[in-house]
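Inspection log for the structure reproduced underneath, given as structure tokens.
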Amino acid sequence: MNRVAIAVTLLVLMLAFLIIRNTLRLQSEYARMLSSELSELCSGSSDKGTLKAQDGLCSRPEIMKDFLTPSAYNRSTRPLRRVKGIVIHYVANPGSSARENRDYFESLARTHETKASSHFIIGLSGEIIQCVPLDEISYASNQRNKDTISIECCHPGINGRFNDDTTRSLIRLTAWLCHVYGLQSRDVIRHYDVTGKLCPVYYVRHLDAWSRLRDSIQKELDQKKEKDF
């Protein structure tokens, strides 16, 4: 083997080493982040209980944990290894509550009607129920299940528009998740952006409303950065 070939081989080996080391570092940082910021919302923690809200910008809102019973139809327990986005959905039944939708997901383990779930459901009074741990995938966004957190939102009417209480909780929850996972508002997408499904329908048909929602999330993130600086 001549010197050029040896040099090229050594360079390739060095690059491979750096890539592997960087991957392991990222995985380690991700694991530390989960353990410090999100441990109470991940598998292995209590399946039920209320986590009180924290004060400050991009802080965690109050979350009622009520994890689904594991099954192939709602909570497979497959690991969610990376989070690259937050996907917003709306529930199928206008006027239904967060509790009713959570219980529907739970019933799928028995009925086998379909495969469906989400990490969070936000109700008409702004209440937030967590159905799936944040280190497990949910059945919500098809090919993006593997790298996103899903949020279902209740709405009062057939047009699918979220009311003020639901919207405020959605902004706060999404901004907190973006802050923790190092995301921006551009990483907040609609189910429609993944599959073309009209979900959340009002925010598909009214792009200005969707833009304002993402702007509100980004504003809270920017204020947090300014405060920390």
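By order in the structure tokens, chains are A, B, ...; within a chain, residues start at 1; ligands start at 1, following the order shown.
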
Per residue of range 59-141 of chain A within 7 Å of range 157-175 of chain A, what are the shortest atom pair and its distance in Å to one decimal, counting only C-alpha atoms, with rows by chain and residue number, as CSV?
```
residue,atom,partner,partner_atom,distance
A:Arg60,CA,A:Leu173,CA,6.5
A:Pro61,CA,A:Leu173,CA,6.1
A:Pro94,CA,A:Gly157,CA,5.2
A:Gly95,CA,A:Gly157,CA,6.5
A:Ile122,CA,A:Thr166,CA,6.2
A:Gly123,CA,A:Thr166,CA,6.2
A:Leu124,CA,A:Thr166,CA,5.6
A:Ser125,CA,A:Asp165,CA,5.5
A:Gly126,CA,A:Thr166,CA,4.4
```

DSSP on the backbone: what in range 3-186 of chain A comes out strand (DSSP E or B), as a ChimeraX atom specification? /A:48-51,63-66,71,75,79,85-90,120-122,128-130,136,148-153

Best match for closeness to Cys58 in chain A among A:Glu226, A:Glu100, A:Glu113, A:Asp187, counting only C-alpha atoms: A:Glu226

Return the single residue from A:Lys219, A:Arg102, A:His112, A:His89 that is closest to Tyr73 in chain A, with distances computed using only C-alpha atoms.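 Closest residue, counting only C-alpha atoms: A:His112.
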
Exercise: Lys227 in chain A partners within 12 Å, only C-alpha atoms, chain neighbours under 4 positions left out, as a ChimeraX atom specification: /A:56-58,220-223

Name the closest residue to Tyr90 in chain A among the candidates A:Cys154, A:Leu198, A:Leu183, A:Ile217; distances are taken between atoms, counting only C-alpha atoms.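 The shortest atom-to-atom distance to Tyr90 in chain A comes from A:Cys154.
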
Residues of range 78-168 of chain A classed as alpha helix (DSSP H) by DSSP on the backbone are to be reported as a VMD selection string. chain A and resid 98 to 111 164 to 168

For those residues, write N, CA and C atoms to a file as an mmCIF file, in the first residue's frame.
```cif
data_model
loop_
_atom_site.group_PDB
_atom_site.id
_atom_site.type_symbol
_atom_site.label_atom_id
_atom_site.label_comp_id
_atom_site.auth_asym_id
_atom_site.auth_seq_id
_atom_site.Cartn_x
_atom_site.Cartn_y
_atom_site.Cartn_z
ATOM 1 N N ALA A 98 -61.413 16.478 26.640
ATOM 2 C CA ALA A 98 -60.116 15.796 26.645
ATOM 3 C C ALA A 98 -60.251 14.409 27.266
ATOM 4 N N ARG A 99 -61.032 14.309 28.330
ATOM 5 C CA ARG A 99 -61.226 13.022 29.002
ATOM 6 C C ARG A 99 -61.916 12.015 28.080
ATOM 7 N N GLU A 100 -62.932 12.459 27.365
ATOM 8 C CA GLU A 100 -63.638 11.560 26.455
ATOM 9 C C GLU A 100 -62.716 11.046 25.353
ATOM 10 N N ASN A 101 -61.862 11.911 24.841
ATOM 11 C CA ASN A 101 -60.949 11.486 23.784
ATOM 12 C C ASN A 101 -59.853 10.582 24.319
ATOM 13 N N ARG A 102 -59.392 10.849 25.529
ATOM 14 C CA ARG A 102 -58.412 9.952 26.141
ATOM 15 C C ARG A 102 -59.026 8.571 26.340
ATOM 16 N N ASP A 103 -60.256 8.529 26.819
ATOM 17 C CA ASP A 103 -60.916 7.241 27.061
ATOM 18 C C ASP A 103 -61.201 6.500 25.747
ATOM 19 N N TYR A 104 -61.423 7.261 24.676
ATOM 20 C CA TYR A 104 -61.577 6.606 23.373
ATOM 21 C C TYR A 104 -60.276 5.904 22.976
ATOM 22 N N PHE A 105 -59.156 6.590 23.130
ATOM 23 C CA PHE A 105 -57.863 5.945 22.846
ATOM 24 C C PHE A 105 -57.694 4.683 23.697
ATOM 25 N N GLU A 106 -58.067 4.775 24.951
ATOM 26 C CA GLU A 106 -57.936 3.621 25.847
ATOM 27 C C GLU A 106 -58.787 2.451 25.358
ATOM 28 N N SER A 107 -59.977 2.741 24.830
ATOM 29 C CA SER A 107 -60.901 1.682 24.415
ATOM 30 C C SER A 107 -60.384 0.888 23.217
ATOM 31 N N LEU A 108 -59.449 1.452 22.460
ATOM 32 C CA LEU A 108 -58.957 0.775 21.261
ATOM 33 C C LEU A 108 -58.215 -0.515 21.591
ATOM 34 N N ALA A 109 -57.686 -0.598 22.791
ATOM 35 C CA ALA A 109 -57.023 -1.840 23.202
ATOM 36 C C ALA A 109 -58.021 -2.985 23.256
ATOM 37 N N ARG A 110 -59.290 -2.639 23.445
ATOM 38 C CA ARG A 110 -60.344 -3.654 23.534
ATOM 39 C C ARG A 110 -61.068 -3.843 22.204
ATOM 40 N N THR A 111 -61.365 -2.746 21.510
ATOM 41 C CA THR A 111 -62.184 -2.825 20.303
ATOM 42 C C THR A 111 -61.379 -3.150 19.046
ATOM 43 N N ASP A 164 -60.265 30.105 23.091
ATOM 44 C CA ASP A 164 -59.147 30.830 23.703
ATOM 45 C C ASP A 164 -58.424 29.997 24.756
ATOM 46 N N ASP A 165 -59.173 29.274 25.582
ATOM 47 C CA ASP A 165 -58.541 28.480 26.640
ATOM 48 C C ASP A 165 -57.667 27.376 26.048
ATOM 49 N N THR A 166 -58.177 26.706 25.046
ATOM 50 C CA THR A 166 -57.402 25.656 24.387
ATOM 51 C C THR A 166 -56.168 26.244 23.724
ATOM 52 N N THR A 167 -56.342 27.376 23.067
ATOM 53 C CA THR A 167 -55.223 28.010 22.366
ATOM 54 C C THR A 167 -54.123 28.430 23.327
ATOM 55 N N ARG A 168 -54.496 29.029 24.461
ATOM 56 C CA ARG A 168 -53.487 29.461 25.429
ATOM 57 C C ARG A 168 -52.681 28.275 25.944
#
```

If you measure from CA of Met14 in chain A to CA of Arg82 in chain A, what distance in Å do you get, rounded to one decimal?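 Distance between the two atoms: 25.9 Å.
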
Using only C-alpha atoms, I'd like a table of the residues in range 21-109 of chain A that come within 10 Å of range 140-146 of chain A; for each, show the closest atom pair and its distance in Å rounded to one decimal, ordered by chain and ascending number, as a tab-separated table.
```
residue	atom	partner	partner_atom	distance
A:Asn74	CA	A:Ala140	CA	9.5
A:Arg78	CA	A:Lys146	CA	9.0
A:Pro79	CA	A:Lys146	CA	8.4
A:Leu80	CA	A:Lys146	CA	6.1
A:Arg81	CA	A:Lys146	CA	7.8
A:Arg82	CA	A:Lys146	CA	7.7
A:Val83	CA	A:Lys146	CA	8.1
A:Lys84	CA	A:Arg144	CA	9.2
A:Gly85	CA	A:Arg144	CA	8.7
A:Ile86	CA	A:Arg144	CA	9.7
A:Val87	CA	A:Ser141	CA	7.3
A:Ile88	CA	A:Ser141	CA	9.3
A:His89	CA	A:Ala140	CA	8.3
```

Same residues, N, CA and C atoms, saved as a compact mmCIF listing (two decimals), in the first residue's frame:
```
# COMPACT_ATOMS: atom_id res chain seq x y z
N ASN A 74 -52.86 1.38 20.70
CA ASN A 74 -52.83 2.76 21.18
C ASN A 74 -51.49 3.16 21.80
N ARG A 78 -43.10 1.45 21.81
CA ARG A 78 -41.91 1.60 20.97
C ARG A 78 -41.20 2.90 21.32
N PRO A 79 -39.87 2.89 21.43
CA PRO A 79 -39.16 4.08 21.89
C PRO A 79 -39.17 5.23 20.89
N LEU A 80 -39.30 6.44 21.40
CA LEU A 80 -39.15 7.66 20.62
C LEU A 80 -37.74 8.17 20.91
N ARG A 81 -36.82 7.97 19.98
CA ARG A 81 -35.41 8.22 20.25
C ARG A 81 -34.98 9.65 19.98
N ARG A 82 -35.63 10.31 19.04
CA ARG A 82 -35.31 11.70 18.73
C ARG A 82 -36.60 12.47 18.49
N VAL A 83 -36.60 13.75 18.88
CA VAL A 83 -37.77 14.60 18.63
C VAL A 83 -37.33 15.74 17.72
N LYS A 84 -37.89 15.76 16.51
CA LYS A 84 -37.55 16.78 15.53
C LYS A 84 -38.72 17.72 15.25
N GLY A 85 -39.85 17.48 15.86
CA GLY A 85 -40.99 18.35 15.61
C GLY A 85 -42.15 18.08 16.53
N ILE A 86 -43.09 19.01 16.54
CA ILE A 86 -44.35 18.90 17.28
C ILE A 86 -45.47 18.95 16.26
N VAL A 87 -46.38 17.98 16.31
CA VAL A 87 -47.48 17.93 15.33
C VAL A 87 -48.80 18.25 16.03
N ILE A 88 -49.54 19.22 15.47
CA ILE A 88 -50.81 19.65 16.03
C ILE A 88 -51.95 18.97 15.27
N HIS A 89 -52.92 18.47 16.04
CA HIS A 89 -54.09 17.79 15.49
C HIS A 89 -55.36 18.41 16.09
```
